[in-house]
Amino acid sequence: MTEDASGPVQLVAEFTALPGREEEVERLLLALTAQVRREPGCLDFTPLRVATAPVLEARPTVVAGPAPAGRRFVVTETYRDAAAFAAHLAAPYGAPFNAALGPLIEEDGSQLTFVEPLA
């Protein structure tokens, strides 16, 4: 994250569903997505599931990710500024989501990585 607190806050949240809990995680995440996207300071909230690489005739070497395809979830998030991110963290649906997600994933919670564009 840049030192300019007035600029956008961008991050990637990642977590791994326990075996057999993938669909529950997906349902929770899609419900959260609908709520977060309505936040006035949310510029992007894109939930993704790690997929199996396509089979190509001339495929470059593909390194396996940290969990089997289908169990790892990634969310890209962008908020207008630090205040919008703080409002997101304080939203009333965040704590219930995290409480419901906790028993369904391998980690202790979402693993957050703050990022910034190169250009």
# chains A, B, ... in the order shown; residues from 1 in each chain; ligands from 1
>>> select_by_dssp(residues="chain A", states="strand (DSSP E)", output="number ranges by chain")
A: 9-16, 42-49, 72-79, 111-115
>>> write_last_selection(atoms="C-alpha atoms", output="PDB file, in the first residue's frame")
ATOM      1  CA  VAL A   9      -6.498   0.845  -1.313  1.00  0.00           C
ATOM      2  CA  GLN A  10      -6.007  -2.379  -3.265  1.00  0.00           C
ATOM      3  CA  LEU A  11      -5.636  -5.851  -1.871  1.00  0.00           C
ATOM      4  CA  VAL A  12      -5.969  -9.533  -2.557  1.00  0.00           C
ATOM      5  CA  ALA A  13      -7.682 -11.774   0.002  1.00  0.00           C
ATOM      6  CA  GLU A  14      -7.032 -15.510  -0.195  1.00  0.00           C
ATOM      7  CA  PHE A  15      -8.215 -18.585   1.670  1.00  0.00           C
ATOM      8  CA  THR A  16      -8.538 -22.331   1.128  1.00  0.00           C
ATOM      9  CA  CYS A  42     -15.958   0.008  -3.197  1.00  0.00           C
ATOM     10  CA  LEU A  43     -14.472   0.274  -6.688  1.00  0.00           C
ATOM     11  CA  ASP A  44     -13.925  -3.465  -7.222  1.00  0.00           C
ATOM     12  CA  PHE A  45     -14.733  -6.676  -5.390  1.00  0.00           C
ATOM     13  CA  THR A  46     -14.122  -9.710  -7.588  1.00  0.00           C
ATOM     14  CA  PRO A  47     -14.322 -13.198  -6.082  1.00  0.00           C
ATOM     15  CA  LEU A  48     -12.434 -15.939  -7.932  1.00  0.00           C
ATOM     16  CA  ARG A  49     -11.822 -19.637  -7.501  1.00  0.00           C
ATOM     17  CA  ARG A  72      -8.507 -21.980  -3.183  1.00  0.00           C
ATOM     18  CA  PHE A  73     -10.442 -18.711  -3.351  1.00  0.00           C
ATOM     19  CA  VAL A  74      -9.018 -15.311  -4.256  1.00  0.00           C
ATOM     20  CA  VAL A  75     -10.766 -11.944  -4.004  1.00  0.00           C
ATOM     21  CA  THR A  76      -9.410  -8.798  -5.616  1.00  0.00           C
ATOM     22  CA  GLU A  77     -10.568  -5.653  -3.859  1.00  0.00           C
ATOM     23  CA  THR A  78     -10.185  -1.937  -4.507  1.00  0.00           C
ATOM     24  CA  TYR A  79     -11.541   0.832  -2.304  1.00  0.00           C
ATOM     25  CA  GLN A 111      -4.856 -13.903   4.143  1.00  0.00           C
ATOM     26  CA  LEU A 112      -4.583 -10.268   2.985  1.00  0.00           C
ATOM     27  CA  THR A 113      -1.914  -8.942   0.645  1.00  0.00           C
ATOM     28  CA  PHE A 114      -1.971  -5.205  -0.093  1.00  0.00           C
ATOM     29  CA  VAL A 115      -0.894  -4.374  -3.646  1.00  0.00           C
TER      30      VAL A 115
END
>>> residues_around(residues="Leu104 (chain A)", least_positions_apart="4", cutoff="12 Å", atoms="only C-alpha atoms", output="number ranges by chain")
A: 15-29, 71-73, 97-100, 108-110
>>> select_by_dssp(residues="region 14-72 of chain A", states="helix (DSSP H, G or I)", output="ChimeraX atom specification")
/A:22-36
>>> atom_distance(atom1="CA of Glu39 (chain A)", atom2="CA of Ala82 (chain A)")
13.6 Å
